[in-house]
file my_file_28.txt (compact mmCIF, C-alpha atoms)
# COMPACT_ATOMS: atom_id res chain seq x y z
CA MET H 1 -64.39 0.15 -82.00
CA LYS H 2 -61.25 1.45 -80.39
CA SER H 3 -62.93 4.68 -79.33
CA ILE H 4 -65.80 2.79 -77.73
CA LYS H 5 -63.33 0.67 -75.84
CA TYR H 6 -61.44 3.80 -74.79
CA LEU H 7 -64.64 5.46 -73.56
CA TYR H 8 -65.51 2.33 -71.71
CA VAL H 9 -62.13 2.30 -70.02
CA MET H 10 -62.38 5.98 -69.20
CA GLY H 11 -65.82 5.46 -67.65
CA PHE H 12 -64.47 2.61 -65.65
CA ILE H 13 -61.59 4.74 -64.39
CA ASP H 14 -63.93 7.60 -63.51
CA SER H 15 -66.13 5.31 -61.52
CA ILE H 16 -63.10 4.03 -59.62
CA LYS H 17 -62.03 7.58 -59.00
CA GLU H 18 -65.45 8.56 -57.64
CA ASN H 19 -65.55 5.56 -55.33
CA PHE H 20 -61.98 6.13 -54.26
CA CYS H 21 -62.64 9.78 -53.50
CA ASP H 22 -65.51 8.84 -51.26
CA ILE H 23 -63.14 6.77 -49.19
CA PHE H 24 -60.02 8.98 -49.45
CA PRO H 25 -60.64 12.71 -49.84
CA VAL H 26 -58.89 14.30 -52.82
CA PRO H 27 -56.22 16.82 -51.87
CA PRO H 28 -57.33 20.41 -52.42
CA LEU H 29 -56.49 22.31 -55.62
CA TYR H 30 -54.49 24.81 -53.68
CA ARG H 31 -54.03 25.85 -50.10
CA ALA H 32 -53.80 29.45 -49.02
CA VAL H 33 -53.05 31.10 -45.73
CA ILE H 34 -53.82 34.80 -45.69
CA LEU H 35 -52.48 36.88 -42.82
CA GLY H 36 -54.78 39.88 -42.63
CA ASP H 37 -54.20 41.89 -45.73
CA LYS H 38 -50.43 41.93 -45.34
CA ALA H 39 -49.29 38.54 -46.56
CA GLY H 40 -50.46 35.41 -48.33
CA PHE H 41 -48.92 31.96 -48.47
CA PHE H 42 -50.04 29.74 -51.37
CA GLU H 43 -49.26 26.07 -51.98
CA ASN H 44 -49.58 23.97 -55.16
CA VAL H 45 -48.64 26.83 -57.44
CA VAL H 46 -47.38 25.47 -60.75
CA GLY H 47 -46.20 28.69 -62.35
CA ILE H 48 -46.67 32.40 -62.62
CA LYS H 49 -48.69 33.75 -65.48
CA SER H 50 -48.33 37.45 -64.86
CA PHE H 51 -46.90 39.60 -62.16
CA SER H 52 -47.22 43.26 -61.35
CA CYS H 53 -47.60 45.51 -58.31
CA GLY H 54 -51.39 45.37 -58.52
CA GLU H 55 -52.00 41.79 -59.63
CA ILE H 56 -50.38 38.38 -59.53
CA VAL H 57 -51.86 35.52 -61.56
CA ALA H 58 -50.53 32.06 -60.72
CA PHE H 59 -51.11 28.76 -62.53
CA LEU H 60 -52.53 25.92 -60.49
CA LYS H 61 -52.76 22.27 -61.49
CA LYS H 62 -56.28 23.06 -62.57
CA GLY H 63 -57.13 26.66 -63.25
CA GLU H 64 -55.54 29.90 -62.14
CA LEU H 65 -55.34 31.93 -58.98
CA LYS H 66 -55.62 35.69 -59.15
CA ILE H 67 -54.33 37.80 -56.29
CA THR H 68 -55.19 41.48 -56.46
CA GLY H 69 -54.05 44.30 -54.23
CA THR H 70 -51.57 47.13 -54.06
CA GLU H 71 -47.75 47.17 -53.69
CA LEU H 72 -47.63 43.43 -54.16
CA TYR H 73 -44.37 41.61 -54.47
CA ILE H 74 -43.18 38.02 -54.32
CA LYS H 75 -41.32 37.39 -51.09
CA LYS H 76 -40.46 33.82 -51.96
CA TYR H 77 -41.14 31.54 -54.90
CA CYS H 78 -39.93 27.95 -55.02
CA ASP H 79 -41.20 24.38 -55.51
CA GLY H 80 -44.94 25.05 -55.56
CA ASP H 81 -44.86 27.60 -52.78
CA LEU H 82 -45.55 31.27 -53.29
CA VAL H 83 -45.36 33.93 -50.60
CA VAL H 84 -46.87 37.26 -51.55
CA LEU H 85 -46.47 40.41 -49.46
CA GLY H 86 -48.20 43.73 -49.88
CA LYS H 87 -51.78 44.86 -49.38
CA ILE H 88 -53.91 41.94 -50.56
CA GLN H 89 -57.46 42.88 -51.48
CA ALA H 90 -58.80 39.71 -53.10
CA VAL H 91 -57.85 36.13 -53.96
CA THR H 92 -59.93 34.67 -56.78
CA LEU H 93 -59.93 31.21 -58.29
CA ILE H 94 -60.41 31.46 -62.05
CA MET S 1 -23.21 30.86 -47.09
CA LYS S 2 -26.66 30.80 -45.53
CA GLY S 3 -28.44 34.06 -44.89
CA VAL S 4 -26.67 35.92 -47.69
CA TYR S 5 -28.59 37.02 -50.74
CA THR S 6 -27.55 38.67 -53.97
CA GLN S 7 -29.83 41.28 -55.43
CA PHE S 8 -30.10 41.69 -59.20
CA LYS S 9 -31.83 44.14 -61.47
CA ILE S 10 -33.17 42.49 -64.61
CA LYS S 11 -34.34 44.23 -67.76
CA GLY S 12 -36.14 42.61 -70.67
CA TYR S 13 -39.47 41.45 -72.04
CA ASN S 14 -41.68 38.78 -70.52
CA LEU S 15 -40.13 38.95 -67.09
CA ASP S 16 -42.97 36.87 -65.61
CA ASN S 17 -41.80 33.87 -67.55
CA LEU S 18 -38.31 34.24 -66.16
CA LEU S 19 -39.56 33.31 -62.69
CA ASN S 20 -40.94 30.04 -64.06
CA HIS S 21 -37.69 29.28 -65.87
CA VAL S 22 -35.71 29.90 -62.72
CA LYS S 23 -38.04 27.77 -60.65
CA LYS S 24 -37.60 24.86 -63.07
CA ARG S 25 -33.85 25.06 -62.43
CA LYS S 26 -34.54 24.69 -58.69
CA ILE S 27 -33.53 28.24 -57.83
CA THR S 28 -35.56 29.95 -55.14
CA VAL S 29 -36.50 33.52 -55.89
CA TYR S 30 -36.79 36.09 -53.07
CA ASP S 31 -38.14 39.63 -52.99
CA ALA S 32 -39.20 39.81 -56.62
CA LYS S 33 -40.45 43.33 -57.17
CA LYS S 34 -41.53 44.90 -60.45
CA ILE S 35 -40.18 48.39 -61.05
CA ASN S 36 -41.94 48.78 -64.36
CA ILE S 37 -43.15 46.49 -67.15
CA ASN S 38 -39.64 45.80 -68.42
CA SER S 39 -37.56 45.77 -65.26
CA MET S 40 -37.61 43.88 -62.00
CA ILE S 41 -35.53 43.48 -58.88
CA VAL S 42 -34.92 39.93 -57.70
CA SER S 43 -32.86 38.40 -54.91
CA VAL S 44 -31.47 34.88 -54.88
CA LYS S 45 -29.30 33.02 -52.42
CA HIS S 46 -25.63 33.91 -52.75
CA ALA S 47 -24.73 30.29 -53.46
CA GLN S 48 -27.17 30.21 -56.40
CA SER S 49 -26.30 33.65 -57.74
CA LYS S 50 -23.87 32.36 -60.38
CA ASN S 51 -26.45 29.89 -61.70
CA PHE S 52 -29.11 32.57 -61.74
CA PHE S 53 -26.82 34.95 -63.57
CA ALA S 54 -25.99 32.32 -66.18
CA ILE S 55 -29.63 31.37 -66.75
CA THR S 56 -30.71 34.97 -67.10
CA LYS S 57 -27.90 35.71 -69.55
CA GLU S 58 -28.80 32.60 -71.50
CA LEU S 59 -32.38 33.82 -71.83
CA CYS S 60 -31.10 37.16 -73.19
CA TYR S 61 -32.11 39.36 -70.27
CA ASN S 62 -30.00 42.30 -69.24
CA ILE S 63 -28.87 41.55 -65.71
CA GLU S 64 -27.02 43.77 -63.31
CA LYS S 65 -25.86 42.85 -59.82
CA ILE S 66 -26.92 45.49 -57.31
CA LYS S 67 -25.50 44.26 -54.01
CA ASP S 68 -25.10 41.40 -51.57
CA LYS S 69 -27.28 41.59 -48.50
CA GLY S 70 -28.44 39.56 -45.52
CA SER S 71 -27.65 39.16 -41.86
CA PHE S 72 -24.52 37.08 -42.57
CA TYR S 73 -23.23 39.36 -45.32
CA PRO S 74 -20.56 41.01 -43.07
CA PHE S 75 -19.05 37.58 -42.45
CA LEU S 76 -19.00 36.82 -46.16
CA TYR S 77 -17.38 40.18 -46.82
CA LEU S 78 -14.68 39.45 -44.27
CA TYR S 79 -14.20 35.95 -45.66
CA LYS S 80 -13.75 37.37 -49.14
CA ASN S 81 -11.41 40.08 -47.87
CA ILE S 82 -9.18 38.03 -45.61
CA GLY S 83 -6.40 40.56 -46.14
CA LEU S 84 -8.54 43.15 -44.42
CA ILE S 85 -8.83 40.95 -41.32
CA ILE S 86 -5.12 40.22 -41.28
CA GLY S 87 -4.36 43.93 -41.75
CA SER S 88 -6.77 44.95 -38.98
CA VAL S 89 -5.40 42.36 -36.57
CA LEU S 90 -1.85 43.42 -37.40
CA PHE S 91 -2.73 47.08 -36.97
CA LEU S 92 -4.42 46.47 -33.61
CA THR S 93 -1.51 44.36 -32.41
CA LEU S 94 0.99 47.05 -33.38
CA CYS S 95 -1.19 49.70 -31.73
CA ILE S 96 -1.31 47.68 -28.50
CA ILE S 97 2.45 47.06 -28.59
CA PHE S 98 3.47 50.64 -29.44
CA ASN S 99 0.95 52.10 -27.01
CA ASP S 100 3.21 50.85 -24.24
CA PHE S 101 6.23 52.88 -25.34
CA ILE S 102 7.13 56.44 -24.38
CA PHE S 103 7.87 58.40 -27.54
CA ARG S 104 8.17 61.79 -25.89
CA ILE S 105 8.30 63.39 -22.43
CA GLU S 106 6.45 66.67 -22.13
CA PHE S 107 6.85 69.10 -19.25
CA THR S 108 3.98 71.43 -18.49
CA GLY S 109 3.09 73.90 -15.77
CA THR S 110 5.28 76.48 -14.04
CA GLY S 111 7.70 73.73 -13.02
CA ASN S 112 8.60 73.48 -16.70
CA VAL S 113 11.66 75.64 -15.97
CA LEU S 114 13.11 72.72 -14.05
CA SER S 115 12.63 70.37 -16.99
CA ARG S 116 16.33 69.57 -17.24
CA GLU S 117 16.50 68.62 -13.59
CA LEU S 118 13.35 66.55 -13.88
CA GLN S 119 14.70 64.89 -17.01
CA LEU S 120 17.88 63.87 -15.17
CA GLN S 121 15.82 62.48 -12.31
CA LEU S 122 13.64 60.56 -14.74
CA ASN S 123 16.78 59.08 -16.29
CA GLU S 124 17.83 57.94 -12.82
CA TYR S 125 14.52 56.10 -12.43
CA GLY S 126 14.97 54.50 -15.86
CA VAL S 127 12.32 56.61 -17.55
CA THR S 128 13.67 57.63 -20.94
CA GLN S 129 12.45 57.82 -24.49
CA PHE S 130 11.29 54.40 -25.76
CA SER S 131 11.03 52.96 -22.26
CA ARG S 132 7.77 51.21 -21.44
CA PHE S 133 4.77 52.59 -19.58
CA SER S 134 4.01 49.17 -18.14
CA LYS S 135 7.27 49.27 -16.20
CA ILE S 136 6.48 52.64 -14.64
CA ASP S 137 4.13 53.31 -11.79
CA VAL S 138 2.97 56.77 -12.85
CA ASP S 139 1.53 57.75 -9.45
CA ASN S 140 4.63 56.57 -7.65
CA LEU S 141 6.78 58.48 -10.14
CA SER S 142 4.92 61.70 -9.31
CA ASP S 143 5.56 61.18 -5.61
CA LYS S 144 9.24 60.44 -6.19
CA LEU S 145 9.76 63.57 -8.32
CA LEU S 146 7.94 65.72 -5.79
CA ALA S 147 9.94 64.32 -2.89
CA LYS S 148 13.24 64.93 -4.65
CA ASN S 149 12.43 68.50 -5.70
CA PRO S 150 11.84 70.85 -2.76
CA ARG S 151 11.34 73.70 -5.25
CA LEU S 152 8.20 72.04 -6.59
CA THR S 153 4.88 72.09 -4.82
CA PHE S 154 3.00 69.79 -7.15
CA VAL S 155 3.92 67.07 -9.65
CA GLU S 156 1.53 64.91 -11.61
CA CYS S 157 2.65 62.40 -14.21
CA SER S 158 0.15 61.13 -16.73
CA LYS S 159 0.02 59.12 -19.92
CA ASP S 160 -1.34 60.88 -22.97
CA GLY S 161 -1.08 58.41 -25.82
CA ASN S 162 2.61 57.80 -26.26
CA VAL S 163 3.57 60.97 -24.40
CA LEU S 164 4.49 61.05 -20.74
CA VAL S 165 3.17 64.38 -19.49
CA ILE S 166 4.74 65.79 -16.34
CA ASP S 167 2.70 68.62 -14.96
CA SER S 168 4.48 70.47 -12.18
CA ALA S 169 4.17 73.71 -10.27
CA LEU S 170 6.87 75.74 -8.52
CA ALA S 171 6.56 76.28 -4.79
CA GLU S 172 5.24 79.68 -3.69
CA GLY S 173 8.34 80.61 -1.70
CA SER S 174 10.77 79.23 -4.22
CA SER S 175 13.61 81.38 -5.39
CA ASP S 176 12.90 80.08 -8.85
CA LYS S 177 9.45 81.61 -8.91
CA LEU S 178 9.25 83.66 -12.06
CA THR S 179 8.16 87.25 -11.66
CA GLY S 180 9.05 88.62 -15.07
CA LYS S 181 10.69 91.63 -13.43
CA GLU S 182 14.30 90.53 -13.05
CA THR S 183 16.83 92.58 -15.02
CA VAL S 184 19.95 90.57 -14.20
CA LEU S 185 21.03 87.02 -13.37
CA VAL S 186 23.57 87.05 -10.56
CA SER S 187 25.43 84.03 -9.23
CA ASP S 188 24.87 83.32 -5.53
CA VAL S 189 27.77 80.84 -5.36
CA ASP S 190 31.39 80.41 -6.43
CA GLY S 191 31.95 77.80 -9.10
CA ILE S 192 32.30 76.93 -12.76
CA VAL S 193 29.61 77.66 -15.36
CA GLU S 194 28.46 74.29 -16.64
CA ASP S 195 25.63 75.40 -18.87
CA LEU S 196 23.77 78.60 -19.63
CA LYS S 197 20.38 78.87 -21.29
CA ILE S 198 19.40 82.39 -22.21
CA TYR S 199 15.91 83.03 -23.50
CA ARG S 200 16.10 86.81 -23.01
CA GLY S 201 19.14 88.95 -22.10
CA SER S 202 22.83 89.12 -23.04
CA GLN S 203 25.48 86.63 -21.95
CA LYS S 204 28.28 87.95 -19.73
CA VAL S 205 30.22 84.75 -19.04
CA SER S 206 31.06 81.68 -21.12
CA ILE S 207 30.58 78.01 -20.36
CA GLY S 208 33.58 76.74 -18.42
CA ASP S 209 34.34 80.13 -16.85
CA GLU S 210 35.16 80.30 -13.19
CA ILE S 211 32.80 82.69 -11.44
CA LYS S 212 32.53 84.33 -8.04
CA LYS S 213 29.55 84.93 -5.80
CA GLY S 214 27.72 88.12 -6.89
CA GLN S 215 29.04 88.02 -10.46
CA VAL S 216 26.59 88.94 -13.22
CA LEU S 217 26.06 86.02 -15.56
CA VAL S 218 23.26 87.41 -17.74
CA ASP S 219 22.43 91.09 -18.17
CA GLY S 220 19.17 92.63 -19.28
CA LEU S 221 20.93 95.29 -21.33
CA VAL S 222 20.68 94.19 -24.94
CA THR S 223 21.51 95.83 -28.28
CA VAL S 224 18.78 95.75 -30.89
CA LYS S 225 19.60 97.43 -34.24
CA ASP S 226 22.46 99.51 -32.74
CA GLN S 227 20.23 100.65 -29.95
CA GLU S 228 20.72 99.60 -26.35
CA MET S 229 17.64 98.73 -24.37
CA GLN S 230 16.77 97.15 -21.05
CA VAL S 231 14.80 93.90 -21.03
CA ASN S 232 13.72 91.51 -18.32
CA VAL S 233 16.06 88.57 -18.15
CA LEU S 234 14.81 85.04 -18.69
CA ALA S 235 17.66 82.57 -18.25
CA VAL S 236 18.81 79.41 -16.49
CA ALA S 237 22.37 78.90 -15.24
CA TYR S 238 23.89 75.57 -14.21
CA ILE S 239 26.89 76.09 -11.94
CA LYS S 240 29.21 73.40 -10.71
CA CYS S 241 30.20 74.25 -7.11
CA LYS S 242 32.06 72.78 -4.23
CA ALA S 243 31.14 72.88 -0.55
CA VAL S 244 33.70 72.01 2.14
CA TYR S 245 32.84 71.06 5.72
CA GLU S 246 35.17 70.38 8.60
CA TYR S 247 34.51 67.92 11.38
CA VAL S 248 36.82 67.33 14.34
CA SER S 249 36.57 64.17 16.42
CA THR S 250 38.67 61.93 18.57
CA LYS S 251 37.22 58.88 16.88
CA GLU S 252 38.61 57.46 13.71
CA ASN S 253 36.97 55.71 10.71
CA LEU S 254 34.01 58.06 10.59
CA GLU S 255 34.38 58.76 6.85
CA ASN S 256 31.38 56.87 5.57
CA THR S 257 29.11 57.97 8.39
CA LEU S 258 30.01 61.64 7.92
CA LEU S 259 29.66 61.42 4.16
CA ALA S 260 26.19 59.93 4.43
CA LEU S 261 25.22 62.49 7.07
CA TYR S 262 26.38 65.52 5.11
CA GLU S 263 24.93 64.26 1.86
CA GLU S 264 21.57 63.76 3.55
CA LYS S 265 21.72 67.21 5.13
CA PHE S 266 22.82 68.93 1.94
CA ASP S 267 20.06 70.75 0.07
CA ASP S 268 21.77 73.50 -1.96
CA GLY S 269 21.64 71.58 -5.22
CA GLU S 270 22.07 68.29 -6.98
CA ILE S 271 25.06 66.31 -5.62
CA ILE S 272 27.50 65.26 -8.35
CA GLY S 273 30.28 63.79 -6.19
CA SER S 274 31.72 63.73 -2.69
CA ASN S 275 34.79 62.66 -0.78
CA VAL S 276 36.33 62.79 2.73
CA THR S 277 39.94 63.36 3.70
CA VAL S 278 41.21 62.72 7.23
CA THR S 279 44.18 64.41 8.99
CA ASN S 280 45.43 63.21 12.35
CA THR S 281 46.70 65.98 14.70
CA GLU S 282 47.42 65.55 18.43
CA ASN S 283 44.99 62.64 19.06
CA GLN S 284 42.34 64.43 17.08
CA TYR S 285 41.03 63.63 13.67
CA LEU S 286 40.13 66.41 11.27
CA TYR S 287 37.65 65.25 8.69
CA LEU S 288 37.38 67.40 5.55
CA ILE S 289 34.16 66.64 3.70
CA GLN S 290 33.98 67.94 0.16
CA ILE S 291 30.68 67.88 -1.69
CA GLU S 292 30.57 68.72 -5.38
CA TYR S 293 27.13 69.82 -6.50
CA ARG S 294 25.24 71.49 -9.30
CA ARG S 295 23.45 74.73 -8.49
CA ILE S 296 20.67 75.79 -10.82
CA ILE S 297 19.69 79.45 -10.87
CA ILE S 298 16.58 80.44 -12.73
CA VAL S 299 15.64 84.04 -13.35
CA GLY S 300 12.67 85.35 -15.24
call {"tool": "encode", "arguments": {"input": "my_file_28.txt", "output": "structure tokens"}}
result
Amino acid sequence: MKSIKYLYVMGFIDSIKENFCDIFPVPPLYRAVILGDKAGFFENVVGIKSFSCGEIVAFLKKGELKITGTELYIKKYCDGDLVVLGKIQAVTLI
Amino acid sequence: MKGVYTQFKIKGYNLDNLLNHVKKRKITVYDAKKININSMIVSVKHAQSKNFFAITKELCYNIEKIKDKGSFYPFLYLYKNIGLIIGSVLFLTLCIIFNDFIFRIEFTGTGNVLSRELQLQLNEYGVTQFSRFSKIDVDNLSDKLLAKNPRLTFVECSKDGNVLVIDSALAEGSSDKLTGKETVLVSDVDGIVEDLKIYRGSQKVSIGDEIKKGQVLVDGLVTVKDQEMQVNVLAVAYIKCKAVYEYVSTKENLENTLLALYEEKFDDGEIIGSNVTVTNTENQYLYLIQIEYRRIIIVG
């Protein structure tokens, strides 16, 4: 009985969410600014999963962000912001 | 301090996780670069470096401080080494102060032989060791020395650090012009030997001796290892002499005028003293002007 009630509540919340999103757009999962292949600025980064010269994998609120390239290094990493320098070849959302 | 970063080298496993730990403690990471799988170079703000160090140690990473860097690092360095600033300021101040003092007077050029005379003249103008350059007009000093020394044709005073350099040249027609061929130093006046500087040759008179005109003071005949040989004389003689002038006039009280006139006219040497005696004979006044002077004879 409880589970049915829970599902009902969840469905209700989801419907509110859908209606609400139609009116107010949901903020994006992450925001990235790529400057050529030299630098990348990423917002909404929750954490760093792995980090090497060829690949940086960052945690997002939902999913992961994979940055591949060569001679990569983290220029700055603080409250949700990540600045990556080096030769960026690809940015992939996993 | 803003704009100053501390660079660390960190060794250990799972370095990726360290960045997340640091971020949770509100420390901003800069220039994180992996060297290999177990080591990484990271920079943090200087103000947060102690926190970062503590966190890293706590998580059992090996951490090593490499250096401090940043555009404001020189200011931080000076702030940390305040003694260095005080020392530098003190050093500069002392340099500026002591730069103004004369530690030595150097005589160069062919006029060097008249160094004693020049030295006495400098003393007259108040230029001695430890006197100040700021109180001397160097160009004016050159002119004064040149004007007072008819035997010199050129004088230039200059400041070389703490040394006052006096470059001078003897006049072409000067009797003091060194030829290197003289074999004897002969007195051209009567007087008393005040000083004798012999660089080459043998002494024939002593200091304090009374000498006559034409007397040999320094001879070029010297004895070296029981063997007599002739050398060219290089010597300077300072002779105290006296010149007496007579002046007859019908006017009286001319002492001061005559003294000033004769002193001005006198150019045989450096005047040491002077006096006038008056004798009255048959409506005439006989003025006897005595000038005591120092004659310098240079041979070489």
call {"tool": "atom_distance", "arguments": {"input": "my_file_28.txt", "atom1": "CA of Lys24 (chain S)", "atom2": "CA of Cys60 (chain S)"}}
result
17.2 Å
call {"tool": "closest_residue", "arguments": {"input": "my_file_28.txt", "among": "S:Leu18, S:Leu221, S:Val163, S:Val244", "to": "Phe98 (chain S)", "atoms": "all atoms listed in the file"}}
result
S:Val163
call {"tool": "closest_atom_pairs", "arguments": {"input": "my_file_28.txt", "of": "chain H", "to": "chain S", "cutoff": "12 Å", "atoms": "all atoms listed in the file", "output": "CSV"}}
result
residue,atom,partner,partner_atom,distance
H:Val45,CA,S:Asn20,CA,10.6
H:Val46,CA,S:Asn20,CA,8.6
H:Gly47,CA,S:Asn20,CA,5.7
H:Ile48,CA,S:Asn20,CA,6.4
H:Lys49,CA,S:Asp16,CA,6.5
H:Ser50,CA,S:Asp16,CA,5.4
H:Phe51,CA,S:Asp16,CA,5.9
H:Ser52,CA,S:Lys34,CA,6.0
H:Cys53,CA,S:Lys34,CA,6.5
H:Gly54,CA,S:Lys34,CA,10.1
H:Glu55,CA,S:Lys34,CA,11.0
H:Ile56,CA,S:Asp16,CA,9.7
H:Val57,CA,S:Asp16,CA,9.9
H:Ala58,CA,S:Asp16,CA,10.2
H:Phe59,CA,S:Asn20,CA,10.4
H:Glu71,CA,S:Lys33,CA,9.0
H:Leu72,CA,S:Lys33,CA,7.8
H:Tyr73,CA,S:Lys33,CA,5.1
H:Ile74,CA,S:Ala32,CA,4.9
H:Lys75,CA,S:Asp31,CA,4.3
H:Lys76,CA,S:Tyr30,CA,4.5
H:Tyr77,CA,S:Val29,CA,5.1
H:Cys78,CA,S:Thr28,CA,4.8
H:Asp79,CA,S:Lys23,CA,6.9
H:Gly80,CA,S:Lys23,CA,9.0
H:Asp81,CA,S:Thr28,CA,9.9
H:Leu82,CA,S:Val29,CA,9.7
H:Val83,CA,S:Tyr30,CA,9.2
H:Val84,CA,S:Asp31,CA,9.2
H:Leu85,CA,S:Asp31,CA,9.1
H:Gly86,CA,S:Lys33,CA,10.6
call {"tool": "write_last_selection", "arguments": {"input": "my_file_28.txt", "atoms": "C-alpha atoms", "output": "mmCIF file, in the frame of the given file"}}
result
data_model
loop_
_atom_site.group_PDB
_atom_site.id
_atom_site.type_symbol
_atom_site.label_atom_id
_atom_site.label_comp_id
_atom_site.auth_asym_id
_atom_site.auth_seq_id
_atom_site.Cartn_x
_atom_site.Cartn_y
_atom_site.Cartn_z
ATOM 1 C CA VAL H 45 -48.640 26.830 -57.440
ATOM 2 C CA VAL H 46 -47.380 25.470 -60.750
ATOM 3 C CA GLY H 47 -46.200 28.690 -62.350
ATOM 4 C CA ILE H 48 -46.670 32.400 -62.620
ATOM 5 C CA LYS H 49 -48.690 33.750 -65.480
ATOM 6 C CA SER H 50 -48.330 37.450 -64.860
ATOM 7 C CA PHE H 51 -46.900 39.600 -62.160
ATOM 8 C CA SER H 52 -47.220 43.260 -61.350
ATOM 9 C CA CYS H 53 -47.600 45.510 -58.310
ATOM 10 C CA GLY H 54 -51.390 45.370 -58.520
ATOM 11 C CA GLU H 55 -52.000 41.790 -59.630
ATOM 12 C CA ILE H 56 -50.380 38.380 -59.530
ATOM 13 C CA VAL H 57 -51.860 35.520 -61.560
ATOM 14 C CA ALA H 58 -50.530 32.060 -60.720
ATOM 15 C CA PHE H 59 -51.110 28.760 -62.530
ATOM 16 C CA GLU H 71 -47.750 47.170 -53.690
ATOM 17 C CA LEU H 72 -47.630 43.430 -54.160
ATOM 18 C CA TYR H 73 -44.370 41.610 -54.470
ATOM 19 C CA ILE H 74 -43.180 38.020 -54.320
ATOM 20 C CA LYS H 75 -41.320 37.390 -51.090
ATOM 21 C CA LYS H 76 -40.460 33.820 -51.960
ATOM 22 C CA TYR H 77 -41.140 31.540 -54.900
ATOM 23 C CA CYS H 78 -39.930 27.950 -55.020
ATOM 24 C CA ASP H 79 -41.200 24.380 -55.510
ATOM 25 C CA GLY H 80 -44.940 25.050 -55.560
ATOM 26 C CA ASP H 81 -44.860 27.600 -52.780
ATOM 27 C CA LEU H 82 -45.550 31.270 -53.290
ATOM 28 C CA VAL H 83 -45.360 33.930 -50.600
ATOM 29 C CA VAL H 84 -46.870 37.260 -51.550
ATOM 30 C CA LEU H 85 -46.470 40.410 -49.460
ATOM 31 C CA GLY H 86 -48.200 43.730 -49.880
#
call {"tool": "residues_around", "arguments": {"input": "my_file_28.txt", "residues": "Tyr293 (chain S)", "least_positions_apart": "5", "cutoff": "9 Å", "atoms": "all atoms listed in the file", "output": "number ranges by chain"}}
result
S: 239-243, 268-274
call {"tool": "atom_distance", "arguments": {"input": "my_file_28.txt", "atom1": "CA of Asp226 (chain S)", "atom2": "CA of Leu185 (chain S)"}}
result
23.1 Å
call {"tool": "residues_around", "arguments": {"input": "my_file_28.txt", "residues": "Asp190 (chain S)", "least_positions_apart": "6", "cutoff": "6 Å", "atoms": "only C-alpha atoms", "output": "list of chain:residue names"}}
result
S:Ile211, S:Lys212, S:Lys213
call {"tool": "write_last_selection", "arguments": {"input": "my_file_28.txt", "atoms": "C-alpha atoms", "output": "PDB file, keeping the file's coordinate frame"}}
result
ATOM      1  CA  ILE S 211      32.800  82.690 -11.440  1.00  0.00           C
ATOM      2  CA  LYS S 212      32.530  84.330  -8.040  1.00  0.00           C
ATOM      3  CA  LYS S 213      29.550  84.930  -5.800  1.00  0.00           C
TER       4      LYS S 213
END
